[in-house]
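Asker: Data file final28.txt (compact mmCIF, C-alpha atoms) is appended below.
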```txt
# COMPACT_ATOMS: atom_id res chain seq x y z
CA MET A 12 28.50 -9.06 -66.76
CA VAL A 13 31.39 -11.38 -65.95
CA ARG A 14 33.25 -8.55 -64.32
CA LEU A 15 30.27 -7.68 -62.25
CA LYS A 16 30.09 -11.21 -60.98
CA GLU A 17 33.80 -11.22 -60.25
CA ASN A 18 33.50 -8.00 -58.31
CA HIS A 19 30.62 -9.44 -56.39
CA ASN A 20 32.66 -12.49 -55.44
CA ARG A 21 35.59 -10.35 -54.36
CA LEU A 22 33.34 -8.28 -52.18
CA LYS A 23 31.91 -11.40 -50.62
CA ASN A 24 35.39 -12.73 -49.88
CA LEU A 25 36.38 -9.47 -48.28
CA THR A 26 33.26 -9.37 -46.15
CA SER A 27 33.80 -12.86 -44.80
CA LYS A 28 37.46 -12.07 -44.14
CA ILE A 29 36.50 -8.96 -42.15
CA ASP A 30 33.92 -10.92 -40.20
CA GLY A 31 36.52 -13.53 -39.31
CA PHE A 32 38.88 -10.89 -37.96
CA LYS A 33 36.08 -9.21 -36.03
CA ILE A 34 35.09 -12.44 -34.31
CA ALA A 35 38.67 -13.28 -33.41
CA LYS A 36 39.28 -9.79 -32.04
CA ASP A 37 36.05 -9.72 -30.08
CA SER A 38 36.67 -13.00 -28.35
CA ARG A 39 40.22 -12.03 -27.50
CA ARG A 40 39.13 -8.80 -25.92
CA SER A 41 36.17 -10.16 -24.00
CA LYS A 42 38.28 -13.02 -22.68
CA LYS A 43 40.69 -10.66 -20.95
CA ALA A 44 37.97 -8.51 -19.41
CA SER A 45 35.87 -11.44 -18.29
CA LYS A 46 38.79 -13.04 -16.47
CA ILE A 47 39.06 -10.04 -14.15
CA GLY A 48 35.28 -10.07 -13.90
CA TYR A 49 35.34 -13.67 -12.70
CA ALA A 50 37.90 -12.88 -10.03
CA LEU A 51 35.80 -10.00 -8.73
CA ARG A 52 32.69 -12.15 -8.78
CA LEU A 53 34.12 -15.02 -6.73
CA SER A 54 35.23 -12.73 -3.92
CA THR A 55 31.75 -12.17 -2.51
CA GLU A 56 30.03 -15.45 -3.38
CA PHE A 57 31.20 -17.13 -0.20
CA ALA A 58 30.58 -14.28 2.23
CA SER A 59 27.10 -13.48 0.98
CA ALA A 60 25.84 -17.05 1.47
CA LEU A 61 27.18 -16.99 5.02
CA ILE A 62 25.46 -13.64 5.69
CA VAL A 63 22.14 -14.96 4.39
CA GLY A 64 22.48 -18.11 6.52
CA LEU A 65 23.21 -15.98 9.56
CA ILE A 66 20.19 -13.74 8.93
CA ILE A 67 17.82 -16.69 8.46
CA GLY A 68 19.22 -18.42 11.56
CA THR A 69 18.86 -15.33 13.74
CA ALA A 70 15.33 -14.68 12.50
CA LEU A 71 14.19 -18.27 13.13
CA ASP A 72 15.76 -18.24 16.61
CA LYS A 73 13.99 -15.03 17.48
CA TRP A 74 10.72 -16.45 16.18
CA PHE A 75 10.84 -19.83 17.94
CA GLU A 76 12.98 -18.62 20.88
CA THR A 77 15.39 -21.51 20.46
CA LYS A 78 18.68 -19.62 20.61
CA PRO A 79 21.27 -20.86 19.46
CA LEU A 80 19.89 -23.90 17.64
CA PHE A 81 18.98 -22.42 14.26
CA ILE A 82 21.97 -20.06 14.14
CA ILE A 83 24.32 -23.04 14.33
CA ILE A 84 22.39 -25.03 11.74
CA PHE A 85 22.19 -22.16 9.29
CA ILE A 86 25.81 -21.08 9.70
CA VAL A 87 26.85 -24.59 8.74
CA LEU A 88 24.39 -24.53 5.83
CA GLY A 89 25.67 -21.07 4.86
CA ILE A 90 29.26 -22.28 4.72
CA ALA A 91 28.18 -25.28 2.68
CA THR A 92 26.26 -22.99 0.32
CA GLY A 93 29.23 -20.65 -0.02
CA LEU A 94 31.51 -23.50 -1.03
CA PHE A 95 28.82 -24.84 -3.33
CA ASN A 96 28.44 -21.40 -4.97
CA ILE A 97 32.17 -21.13 -5.58
CA PHE A 98 32.24 -24.66 -6.93
CA LYS A 99 29.39 -23.87 -9.32
CA SER A 100 30.97 -20.64 -10.59
CA VAL A 101 34.34 -22.28 -11.11
CA ARG A 102 32.70 -25.08 -13.05
CA LYS A 103 30.93 -22.50 -15.21
CA ILE A 104 34.18 -20.57 -15.78
CA LYS A 105 35.90 -23.78 -16.81
CA THR A 106 33.29 -24.69 -19.40
CA ASN A 107 33.20 -21.09 -20.69
CA HIS A 108 36.97 -21.04 -20.90
CA LEU A 109 37.10 -24.24 -22.94
CA HIS A 110 34.36 -22.91 -25.17
CA GLU A 111 36.17 -19.60 -25.74
CA LYS A 112 39.45 -21.30 -26.45
CA ASP A 113 37.72 -23.35 -29.08
CA SER A 114 36.21 -20.31 -30.78
CA VAL A 115 39.52 -18.41 -30.82
CA ASP A 116 41.32 -21.33 -32.45
CA ASN A 117 38.64 -21.73 -35.12
CA PRO A 118 36.87 -18.38 -35.47
CA ARG A 119 34.51 -19.65 -38.16
CA LYS A 120 32.97 -22.32 -36.02
CA MET B 2 43.47 14.43 12.63
CA THR B 3 40.45 16.56 12.10
CA GLU B 4 37.21 15.13 10.91
CA ASN B 5 37.68 16.59 7.47
CA HIS B 6 40.75 14.52 6.74
CA SER B 7 39.32 11.15 7.62
CA PRO B 8 39.35 8.77 4.64
CA LEU B 9 35.73 7.90 5.35
CA GLU B 10 34.54 11.49 5.39
CA GLN B 11 33.83 11.32 1.66
CA PHE B 12 30.97 8.89 2.26
CA THR B 13 28.89 11.10 4.54
CA ILE B 14 25.51 12.11 3.25
CA LYS B 15 24.83 15.81 3.50
CA ARG B 16 21.49 17.50 3.15
CA ILE B 17 21.27 20.16 0.50
CA PHE B 18 17.75 21.22 1.41
CA ASP B 19 15.08 19.69 3.63
CA LEU B 20 11.97 18.18 2.16
CA ASN B 21 9.16 16.46 4.00
CA LEU B 22 6.49 14.54 2.16
CA GLY B 23 3.59 13.35 4.32
CA GLY B 24 5.77 12.65 7.34
CA ILE B 25 8.46 10.90 5.31
CA ASP B 26 11.88 12.52 5.18
CA VAL B 27 12.76 12.87 1.50
CA SER B 28 15.38 15.60 1.83
CA PHE B 29 17.47 16.35 -1.21
CA THR B 30 20.97 15.09 -0.38
CA ASN B 31 24.31 15.05 -2.14
CA SER B 32 23.56 11.43 -3.04
CA ALA B 33 20.37 12.45 -4.82
CA ALA B 34 22.20 15.34 -6.46
CA PHE B 35 24.83 13.04 -7.95
CA MET B 36 22.18 10.61 -9.14
CA MET B 37 20.49 13.50 -10.88
CA VAL B 38 23.76 14.68 -12.42
CA SER B 39 24.40 11.23 -13.84
CA ILE B 40 20.87 11.00 -15.23
CA ILE B 41 21.28 14.39 -16.90
CA LEU B 42 24.68 13.40 -18.32
CA ILE B 43 23.38 10.06 -19.61
CA GLY B 44 20.32 11.72 -21.11
CA SER B 45 22.28 14.42 -22.89
CA LEU B 46 24.91 11.98 -24.11
CA MET B 47 22.32 9.60 -25.53
CA ILE B 48 20.01 12.24 -26.99
CA LEU B 49 22.70 14.52 -28.44
CA GLY B 50 24.90 11.63 -29.53
CA ALA B 51 22.16 9.82 -31.42
CA ARG B 52 20.43 12.93 -32.74
CA LYS B 53 22.15 13.33 -36.11
CA LYS B 54 21.98 9.65 -37.17
CA LEU B 55 25.00 9.92 -39.44
CA LEU B 56 25.91 7.05 -41.72
CA ILE B 57 29.54 7.55 -40.77
CA PRO B 58 29.27 8.29 -37.06
CA ASN B 59 31.15 11.13 -35.43
CA ARG B 60 32.80 10.68 -32.03
CA TRP B 61 29.71 11.15 -29.90
CA GLN B 62 27.57 8.89 -32.00
CA ASN B 63 30.35 6.32 -32.01
CA LEU B 64 30.47 6.37 -28.22
CA VAL B 65 26.72 5.83 -28.01
CA GLU B 66 26.86 3.02 -30.56
CA ILE B 67 29.75 1.26 -28.81
CA THR B 68 27.89 1.35 -25.49
CA TYR B 69 24.74 0.08 -27.16
CA GLU B 70 26.57 -2.75 -28.91
CA LEU B 71 28.44 -3.79 -25.77
CA VAL B 72 25.20 -4.23 -23.83
CA ALA B 73 23.36 -5.73 -26.79
CA LYS B 74 26.12 -8.32 -27.22
CA THR B 75 26.09 -9.16 -23.52
CA VAL B 76 22.33 -9.64 -23.56
CA ARG B 77 22.43 -11.73 -26.74
CA ASP B 78 25.28 -13.95 -25.51
CA ASN B 79 23.77 -14.57 -22.10
CA ILE B 80 20.03 -14.76 -22.69
CA GLY B 81 19.64 -15.33 -26.41
CA ASP B 82 16.95 -13.90 -28.64
CA GLU B 83 14.39 -13.78 -25.88
CA GLY B 84 16.61 -11.32 -24.07
CA LYS B 85 15.72 -8.49 -26.45
CA LYS B 86 12.75 -7.59 -24.29
CA PHE B 87 15.03 -6.99 -21.33
CA PHE B 88 17.58 -4.94 -23.20
CA PRO B 89 16.22 -1.53 -22.06
CA PHE B 90 16.29 -2.63 -18.42
CA ILE B 91 19.83 -3.99 -18.56
CA PHE B 92 21.04 -1.00 -20.53
CA SER B 93 19.59 1.50 -18.03
CA LEU B 94 21.02 -0.43 -15.12
CA PHE B 95 24.46 -0.70 -16.70
CA ILE B 96 24.76 2.90 -17.82
CA PHE B 97 23.44 4.32 -14.55
CA ILE B 98 25.87 2.32 -12.43
CA LEU B 99 28.69 3.12 -14.84
CA PHE B 100 28.04 6.86 -14.64
CA CYS B 101 27.63 6.81 -10.85
CA ASN B 102 30.93 4.93 -10.51
CA GLY B 103 32.62 7.23 -12.99
CA LEU B 104 31.38 10.44 -11.41
CA GLY B 105 32.61 9.21 -8.05
CA LEU B 106 36.16 9.15 -9.37
CA ILE B 107 36.20 12.92 -9.83
CA PRO B 108 37.86 14.54 -6.80
CA TYR B 109 35.46 16.18 -4.29
CA SER B 110 32.52 14.31 -5.76
CA PHE B 111 30.32 11.74 -4.08
CA THR B 112 30.06 8.06 -5.04
CA VAL B 113 26.44 7.02 -5.00
CA THR B 114 27.22 3.34 -5.50
CA SER B 115 29.49 3.19 -2.43
CA HIS B 116 26.38 3.07 -0.25
CA ILE B 117 25.05 -0.42 0.18
CA ILE B 118 21.46 0.77 0.39
CA VAL B 119 21.63 2.08 -3.17
CA THR B 120 23.16 -1.07 -4.62
CA PHE B 121 20.89 -3.25 -2.51
CA THR B 122 17.89 -1.46 -3.99
CA PHE B 123 19.13 -2.29 -7.50
CA ALA B 124 19.85 -5.88 -6.53
CA THR B 125 16.46 -6.32 -4.87
CA LEU B 126 14.78 -4.88 -7.94
CA VAL B 127 16.58 -7.46 -10.09
CA PHE B 128 15.90 -10.26 -7.62
CA VAL B 129 12.17 -9.57 -7.25
CA GLY B 130 11.84 -9.01 -10.99
CA VAL B 131 13.56 -12.30 -11.83
CA THR B 132 11.48 -14.25 -9.30
CA VAL B 133 8.21 -12.76 -10.54
CA LEU B 134 9.26 -13.44 -14.13
CA GLY B 135 10.12 -17.05 -13.26
CA PHE B 136 6.74 -17.70 -11.65
CA PHE B 137 4.98 -15.87 -14.48
CA ARG B 138 6.70 -18.02 -17.09
CA HIS B 139 6.75 -21.43 -15.44
CA GLY B 140 4.10 -21.24 -12.74
CA LEU B 141 4.71 -23.51 -9.78
CA LYS B 142 7.25 -25.48 -11.80
CA PHE B 143 9.67 -22.64 -11.01
CA PHE B 144 10.16 -24.23 -7.58
CA SER B 145 12.09 -27.01 -9.30
CA ILE B 146 14.98 -24.51 -9.58
CA PHE B 147 15.71 -25.52 -5.97
CA LEU B 148 16.23 -29.17 -6.89
CA PRO B 149 18.62 -29.71 -9.80
CA PRO B 150 17.61 -32.58 -12.07
CA GLY B 151 19.40 -35.90 -11.63
CA VAL B 152 19.92 -35.53 -7.89
CA PRO B 153 19.27 -38.64 -5.79
CA ILE B 154 16.16 -38.19 -3.66
CA PHE B 155 17.92 -38.84 -0.34
CA LEU B 156 20.10 -35.78 -0.93
CA ALA B 157 17.06 -33.54 -1.38
CA PRO B 158 16.65 -32.55 2.31
CA LEU B 159 20.23 -31.26 2.27
CA LEU B 160 20.29 -29.75 -1.20
CA ILE B 161 17.01 -27.86 -1.08
CA PRO B 162 18.04 -25.60 1.86
CA ILE B 163 21.42 -25.08 0.23
CA GLU B 164 19.83 -24.08 -3.06
CA ILE B 165 17.36 -21.79 -1.28
CA ILE B 166 20.16 -20.04 0.61
CA SER B 167 22.13 -19.84 -2.62
CA TYR B 168 19.15 -18.23 -4.36
CA LEU B 169 18.59 -15.77 -1.51
CA SER B 170 22.27 -14.86 -1.42
CA ARG B 171 22.13 -13.52 -4.98
CA PRO B 172 20.96 -9.98 -4.14
CA VAL B 173 23.35 -9.85 -1.17
CA SER B 174 26.39 -10.81 -3.19
CA LEU B 175 25.33 -8.58 -6.08
CA SER B 176 24.98 -5.50 -3.88
CA VAL B 177 27.86 -6.14 -1.50
CA ARG B 178 30.26 -6.69 -4.38
CA LEU B 179 29.54 -3.34 -6.01
CA ALA B 180 29.37 -1.27 -2.81
CA ALA B 181 32.40 -2.89 -1.19
CA ASN B 182 34.55 -2.47 -4.28
CA MET B 183 33.63 1.19 -4.61
CA MET B 184 34.09 1.94 -0.94
CA ALA B 185 37.39 0.05 -0.60
CA GLY B 186 38.84 1.71 -3.67
CA HIS B 187 37.91 5.21 -2.66
CA THR B 188 39.12 4.73 0.91
CA MET B 189 42.43 3.40 -0.37
CA ILE B 190 42.87 6.40 -2.67
CA LYS B 191 42.18 8.78 0.21
CA VAL B 192 44.59 6.98 2.55
CA PHE B 193 47.39 7.10 0.00
CA ALA B 194 46.63 10.73 -0.71
CA GLY B 195 47.15 11.32 3.02
CA PHE B 196 50.61 9.72 2.77
CA VAL B 197 51.54 12.10 -0.03
CA VAL B 198 50.85 15.10 2.19
CA ALA B 199 52.45 13.62 5.29
CA LEU B 200 55.72 12.58 3.62
CA GLY B 201 56.46 15.97 2.11
CA LEU B 202 59.17 15.68 -0.54
CA TYR B 203 59.27 11.89 -0.31
CA GLY B 204 55.58 11.90 -1.09
CA ILE B 205 56.46 11.38 -4.74
CA ALA B 206 56.57 7.61 -4.14
CA PRO B 207 52.98 7.27 -2.89
CA LEU B 208 51.94 9.80 -5.51
CA LEU B 209 53.16 7.54 -8.30
CA PHE B 210 51.43 4.63 -6.65
CA LEU B 211 48.29 6.72 -6.39
CA VAL B 212 48.28 7.25 -10.14
CA ALA B 213 48.44 3.48 -10.64
CA ILE B 214 45.64 2.89 -8.14
CA TYR B 215 43.56 5.53 -9.82
CA ALA B 216 43.94 3.77 -13.16
CA LEU B 217 42.94 0.50 -11.52
CA GLU B 218 39.91 2.17 -9.96
CA THR B 219 38.83 3.45 -13.36
CA LEU B 220 38.97 -0.10 -14.66
CA ILE B 221 37.07 -1.40 -11.64
CA ALA B 222 34.40 1.30 -12.02
CA PHE B 223 33.70 0.00 -15.50
CA LEU B 224 34.10 -3.68 -14.66
CA GLN B 225 31.74 -3.57 -11.68
CA ALA B 226 29.02 -1.99 -13.78
CA TYR B 227 29.64 -4.65 -16.42
CA VAL B 228 29.63 -7.50 -13.89
CA PHE B 229 26.35 -6.22 -12.49
CA ALA B 230 24.84 -6.24 -15.98
CA VAL B 231 26.23 -9.69 -16.82
CA LEU B 232 24.95 -11.22 -13.59
CA THR B 233 21.52 -9.68 -14.13
CA CYS B 234 21.54 -11.32 -17.57
CA LEU B 235 22.54 -14.67 -16.06
CA TYR B 236 19.75 -14.52 -13.47
CA LEU B 237 17.22 -13.58 -16.15
CA ASN B 238 18.47 -16.47 -18.24
CA ASP B 239 17.98 -18.85 -15.30
CA ALA B 240 14.41 -17.64 -14.91
CA ILE B 241 13.58 -17.84 -18.61
CA HIS B 242 15.24 -21.10 -19.59
CA MET B 243 15.18 -22.89 -16.21
CA GLN B 244 18.31 -24.97 -16.40
CA HIS B 245 21.27 -25.68 -14.25
```
Once you've parsed the file, please lay out its structure as structure tokens.

Answerer:
Amino acid sequence: MVRLKENHNRLKNLTSKIDGFKIAKDSRRSKKASKIGYALRLSTEFASALIVGLIIGTALDKWFETKPLFIIIFIVLGIATGLFNIFKSVRKIKTNHLHEKDSVDNPRK
Amino acid sequence: MTENHSPLEQFTIKRIFDLNLGGIDVSFTNSAAFMMVSIILIGSLMILGARKKLLIPNRWQNLVEITYELVAKTVRDNIGDEGKKFFPFIFSLFIFILFCNGLGLIPYSFTVTSHIIVTFTFATLVFVGVTVLGFFRHGLKFFSIFLPPGVPIFLAPLLIPIEIISYLSRPVSLSVRLAANMMAGHTMIKVFAGFVVALGLYGIAPLLFLVAIYALETLIAFLQAYVFAVLTCLYLNDAIHMQH
């Protein structure tokens, strides 16, 4: 009976040890991949906002026949949005990065 | 240079046979053929790989399980428990894009995802789905996504258009990213392959470089599919939990 309990405890220890390694390994691997992912993501954030601004501006100008009023307004807004998008993603990356660093240092947390 | 050796020749759509359905041209093209090939490959991999249900998985089953767990983890990390409902959607999207990208890397094949209309269709599907889901879940309160909480009211006239453009730019950036990456990579490979032929014996230098680029393209083919899936998860999460 005592031995059974001892075995049970050993098994439990081993399981938690394996889990700890798995978590550490997982976070290491995903960190590397996600870094490249972030770089690829940022590349189009800026351009796409500008394209959308341009499309909206052109459409409104065609509709109200006020060329080039809305194109100018929406290009400026598009640039602002592009910068804003990049700013938002970088802020997100920063918080994620801090979070990941924390979990690699203390895998149990 | 003849037309056949242009680096962009690989992106032309060719008709395999003509088909006309009620006045709409739905001819079977090489693009459709490669989509079908990837569907067949995915189907056979998933069905044959998961058929035996071994306790100790063999290679095929392992491959299926790894793919499943990768997507399941992504969904769980990004959306949480509520994301389980969307797992089939994300998984289909991820695996289809992955196989289309992967098949495109085989010489003489066609890359479906290098055409912006294909990726834009995916992105629009995600975009419309997320918007409908948001309104379904939160009703008219979903409009508050355009005004982040804690913003002074005098900034609202400036921030609301910016947030609206930012929201509308999601499908554009999602589709352009995938298509542009695929197209740029494949064009670059073809251009360098042209150098190998043109330089004769010295072509060994661009050939070595080509091998490196090819490895990079393999990584990008996977990463772009993964990024697409992750971003879809993030957008779904925005619509479900409504936070900034």

Asker: Residues at most 9 Å from B:Val127, counting all atoms listed in the file, excluding those fewer than 6 positions away in the same chain, as a ChimeraX atom specification?

Answerer: /B:172,233,236-237

Asker: Could you check which residues have any atom within 10 Å of (30.2, -20.0, -5.0), counting only C-alpha atoms with coordinates taken straight from the file, and then list them as a PDB file with C-alpha atoms, in the frame of the given file?

Answerer:
```pdb
ATOM      1  CA  ARG A  52      32.690 -12.150  -8.780  1.00  0.00           C
ATOM      2  CA  LEU A  53      34.120 -15.020  -6.730  1.00  0.00           C
ATOM      3  CA  SER A  54      35.230 -12.730  -3.920  1.00  0.00           C
ATOM      4  CA  THR A  55      31.750 -12.170  -2.510  1.00  0.00           C
ATOM      5  CA  GLU A  56      30.030 -15.450  -3.380  1.00  0.00           C
ATOM      6  CA  PHE A  57      31.200 -17.130  -0.200  1.00  0.00           C
ATOM      7  CA  ALA A  58      30.580 -14.280   2.230  1.00  0.00           C
ATOM      8  CA  SER A  59      27.100 -13.480   0.980  1.00  0.00           C
ATOM      9  CA  ALA A  60      25.840 -17.050   1.470  1.00  0.00           C
ATOM     10  CA  ALA A  91      28.180 -25.280   2.680  1.00  0.00           C
ATOM     11  CA  THR A  92      26.260 -22.990   0.320  1.00  0.00           C
ATOM     12  CA  GLY A  93      29.230 -20.650  -0.020  1.00  0.00           C
ATOM     13  CA  LEU A  94      31.510 -23.500  -1.030  1.00  0.00           C
ATOM     14  CA  PHE A  95      28.820 -24.840  -3.330  1.00  0.00           C
ATOM     15  CA  ASN A  96      28.440 -21.400  -4.970  1.00  0.00           C
ATOM     16  CA  ILE A  97      32.170 -21.130  -5.580  1.00  0.00           C
ATOM     17  CA  PHE A  98      32.240 -24.660  -6.930  1.00  0.00           C
ATOM     18  CA  LYS A  99      29.390 -23.870  -9.320  1.00  0.00           C
ATOM     19  CA  SER A 100      30.970 -20.640 -10.590  1.00  0.00           C
ATOM     20  CA  VAL A 101      34.340 -22.280 -11.110  1.00  0.00           C
ATOM     21  CA  ARG A 102      32.700 -25.080 -13.050  1.00  0.00           C
TER      22      ARG A 102
ATOM     23  CA  SER B 167      22.130 -19.840  -2.620  1.00  0.00           C
TER      24      SER B 167
END
```

Asker: Can you work out which one of B:Arg178, B:Lys86, B:Arg52, B:Arg16 has the shortest atom-to-atom distance to chain A, counting all atoms listed in the file?

Answerer: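 Of the candidates, the smallest distance to chain A is held by B:Arg178.
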
Asker: Go through B:Leu94, B:Ser7, B:Phe137, B:Glu66 and flag the residue nearest B:Lys54, using all atoms listed in the file for the distances.

Answerer: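 Going through B:Leu94, B:Ser7, B:Phe137, B:Glu66 one by one, the smallest distance to B:Lys54 is for B:Glu66.
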
Asker: For atom CA of B:Tyr215 and atom CA of B:Ile96, determine how far apart the two atoms are, in Å to one decimal place.

Answerer: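 Separating atom CA of B:Tyr215 from atom CA of B:Ile96 is a distance of 20.6 Å.
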
Asker: Pull out every residue of chain B that has at least one atom within 8 Å of chain A, counting all atoms listed in the file, and report them as a PyMOL selection string.

Answerer: chain B and resi 162-164+166-167+169-171+173-174+177-178+224-225+228

Asker: Kindly give the distance, in Å, that separates atom CA of B:Asn59 and atom CA of B:Ala230, rounded to a single decimal.

Answerer: 26.8 Å

Asker: Mind pulling up the distance from atom CA of B:Asp239 to atom CA of B:Leu220?

Answerer: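 We find that atom CA of B:Leu220 and atom CA of B:Asp239 lie 28.2 Å from each other.
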
Asker: Nearest to B:Phe121 among B:Asn21, B:Ser176, B:Ser93, B:Ser28, with distances taken over only C-alpha atoms: which residue is it?

Answerer: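 Ranked by minimum distance to B:Phe121, first place goes to B:Ser176.
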
Asker: If we count all atoms listed in the file, what is near B:Phe223 at a cut-off of 10 Å, once residues fewer than 2 positions away on the same chain are taken out, given as a ChimeraX atom specification?

Answerer: /B:95-96,98-100,102-103,218-221,225-228

Asker: Which residues are close to B:Gly50, i.e. within 9 Å by only C-alpha atoms, leaving aside same-chain residues fewer than 5 positions away? Reply as a ChimeraX atom specification.

Answerer: /B:45,59-66

Asker: From the options B:Ala157, B:Ala180, B:Leu46, B:Val113, which residue's atoms come nearest to B:Ser145, counting all atoms listed in the file?

Answerer: B:Ala157

Asker: For A:Ile82, list every protein, DNA or RNA residue within 6 Å, evaluated using all atoms listed in the file, and leave out those in the same chain fewer than 4 positions away; present the list as an mmCIF file with C-alpha atoms, in the coordinates of the input.

Answerer:
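Saved result, around_0.cif, follows:
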```cif
data_model
loop_
_atom_site.group_PDB
_atom_site.id
_atom_site.type_symbol
_atom_site.label_atom_id
_atom_site.label_comp_id
_atom_site.auth_asym_id
_atom_site.auth_seq_id
_atom_site.Cartn_x
_atom_site.Cartn_y
_atom_site.Cartn_z
ATOM 1 C CA GLY A 68 19.220 -18.420 11.560
ATOM 2 C CA THR A 69 18.860 -15.330 13.740
ATOM 3 C CA ILE A 86 25.810 -21.080 9.700
#
```

Asker: From the options B:Leu211, B:Thr114, B:His242, B:Leu56, which residue's atoms come nearest to B:Gly81, counting all atoms listed in the file?

Answerer: B:His242

Asker: Some atoms are missing, so please complete stretch 30-49 of chain B with N, CA and C atoms and return it as an mmCIF file, in the coordinates of the input.

Answerer:
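Below you can see rebuild_15.cif, which holds the result:
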```cif
data_model
loop_
_atom_site.group_PDB
_atom_site.id
_atom_site.type_symbol
_atom_site.label_atom_id
_atom_site.label_comp_id
_atom_site.auth_asym_id
_atom_site.auth_seq_id
_atom_site.Cartn_x
_atom_site.Cartn_y
_atom_site.Cartn_z
ATOM 1 N N THR B 30 19.606 15.227 -0.919
ATOM 2 C CA THR B 30 20.970 15.090 -0.380
ATOM 3 C C THR B 30 21.993 15.131 -1.505
ATOM 4 N N ASN B 31 23.271 15.081 -1.100
ATOM 5 C CA ASN B 31 24.310 15.050 -2.140
ATOM 6 C C ASN B 31 24.229 13.759 -2.952
ATOM 7 N N SER B 32 23.735 12.685 -2.302
ATOM 8 C CA SER B 32 23.560 11.430 -3.040
ATOM 9 C C SER B 32 22.543 11.617 -4.166
ATOM 10 N N ALA B 33 21.399 12.212 -3.809
ATOM 11 C CA ALA B 33 20.370 12.450 -4.820
ATOM 12 C C ALA B 33 20.873 13.390 -5.904
ATOM 13 N N ALA B 34 21.683 14.388 -5.487
ATOM 14 C CA ALA B 34 22.200 15.340 -6.460
ATOM 15 C C ALA B 34 23.075 14.640 -7.487
ATOM 16 N N PHE B 35 23.947 13.718 -7.003
ATOM 17 C CA PHE B 35 24.830 13.040 -7.950
ATOM 18 C C PHE B 35 24.078 12.051 -8.823
ATOM 19 N N MET B 36 23.010 11.457 -8.282
ATOM 20 C CA MET B 36 22.180 10.610 -9.140
ATOM 21 C C MET B 36 21.572 11.436 -10.264
ATOM 22 N N MET B 37 21.121 12.645 -9.880
ATOM 23 C CA MET B 37 20.490 13.500 -10.880
ATOM 24 C C MET B 37 21.499 13.942 -11.924
ATOM 25 N N VAL B 38 22.723 14.266 -11.462
ATOM 26 C CA VAL B 38 23.760 14.680 -12.420
ATOM 27 C C VAL B 38 24.023 13.556 -13.407
ATOM 28 N N SER B 39 24.109 12.308 -12.895
ATOM 29 C CA SER B 39 24.400 11.230 -13.840
ATOM 30 C C SER B 39 23.243 11.006 -14.805
ATOM 31 N N ILE B 40 22.013 11.156 -14.320
ATOM 32 C CA ILE B 40 20.870 11.000 -15.230
ATOM 33 C C ILE B 40 20.919 12.059 -16.327
ATOM 34 N N ILE B 41 21.241 13.299 -15.907
ATOM 35 C CA ILE B 41 21.280 14.390 -16.900
ATOM 36 C C ILE B 41 22.399 14.122 -17.916
ATOM 37 N N LEU B 42 23.561 13.681 -17.406
ATOM 38 C CA LEU B 42 24.680 13.400 -18.320
ATOM 39 C C LEU B 42 24.335 12.273 -19.281
ATOM 40 N N ILE B 43 23.734 11.197 -18.748
ATOM 41 C CA ILE B 43 23.380 10.060 -19.610
ATOM 42 C C ILE B 43 22.374 10.520 -20.659
ATOM 43 N N GLY B 44 21.367 11.264 -20.191
ATOM 44 C CA GLY B 44 20.320 11.720 -21.110
ATOM 45 C C GLY B 44 20.891 12.579 -22.215
ATOM 46 N N SER B 45 21.763 13.531 -21.835
ATOM 47 C CA SER B 45 22.280 14.420 -22.890
ATOM 48 C C SER B 45 23.221 13.678 -23.812
ATOM 49 N N LEU B 46 24.010 12.753 -23.252
ATOM 50 C CA LEU B 46 24.910 11.980 -24.110
ATOM 51 C C LEU B 46 24.116 11.167 -25.129
ATOM 52 N N MET B 47 23.078 10.482 -24.643
ATOM 53 C CA MET B 47 22.320 9.600 -25.530
ATOM 54 C C MET B 47 21.520 10.409 -26.552
ATOM 55 N N ILE B 48 20.875 11.490 -26.083
ATOM 56 C CA ILE B 48 20.010 12.240 -26.990
ATOM 57 C C ILE B 48 20.842 13.013 -28.013
ATOM 58 N N LEU B 49 21.880 13.728 -27.512
ATOM 59 C CA LEU B 49 22.700 14.520 -28.440
ATOM 60 C C LEU B 49 23.541 13.621 -29.332
#
```
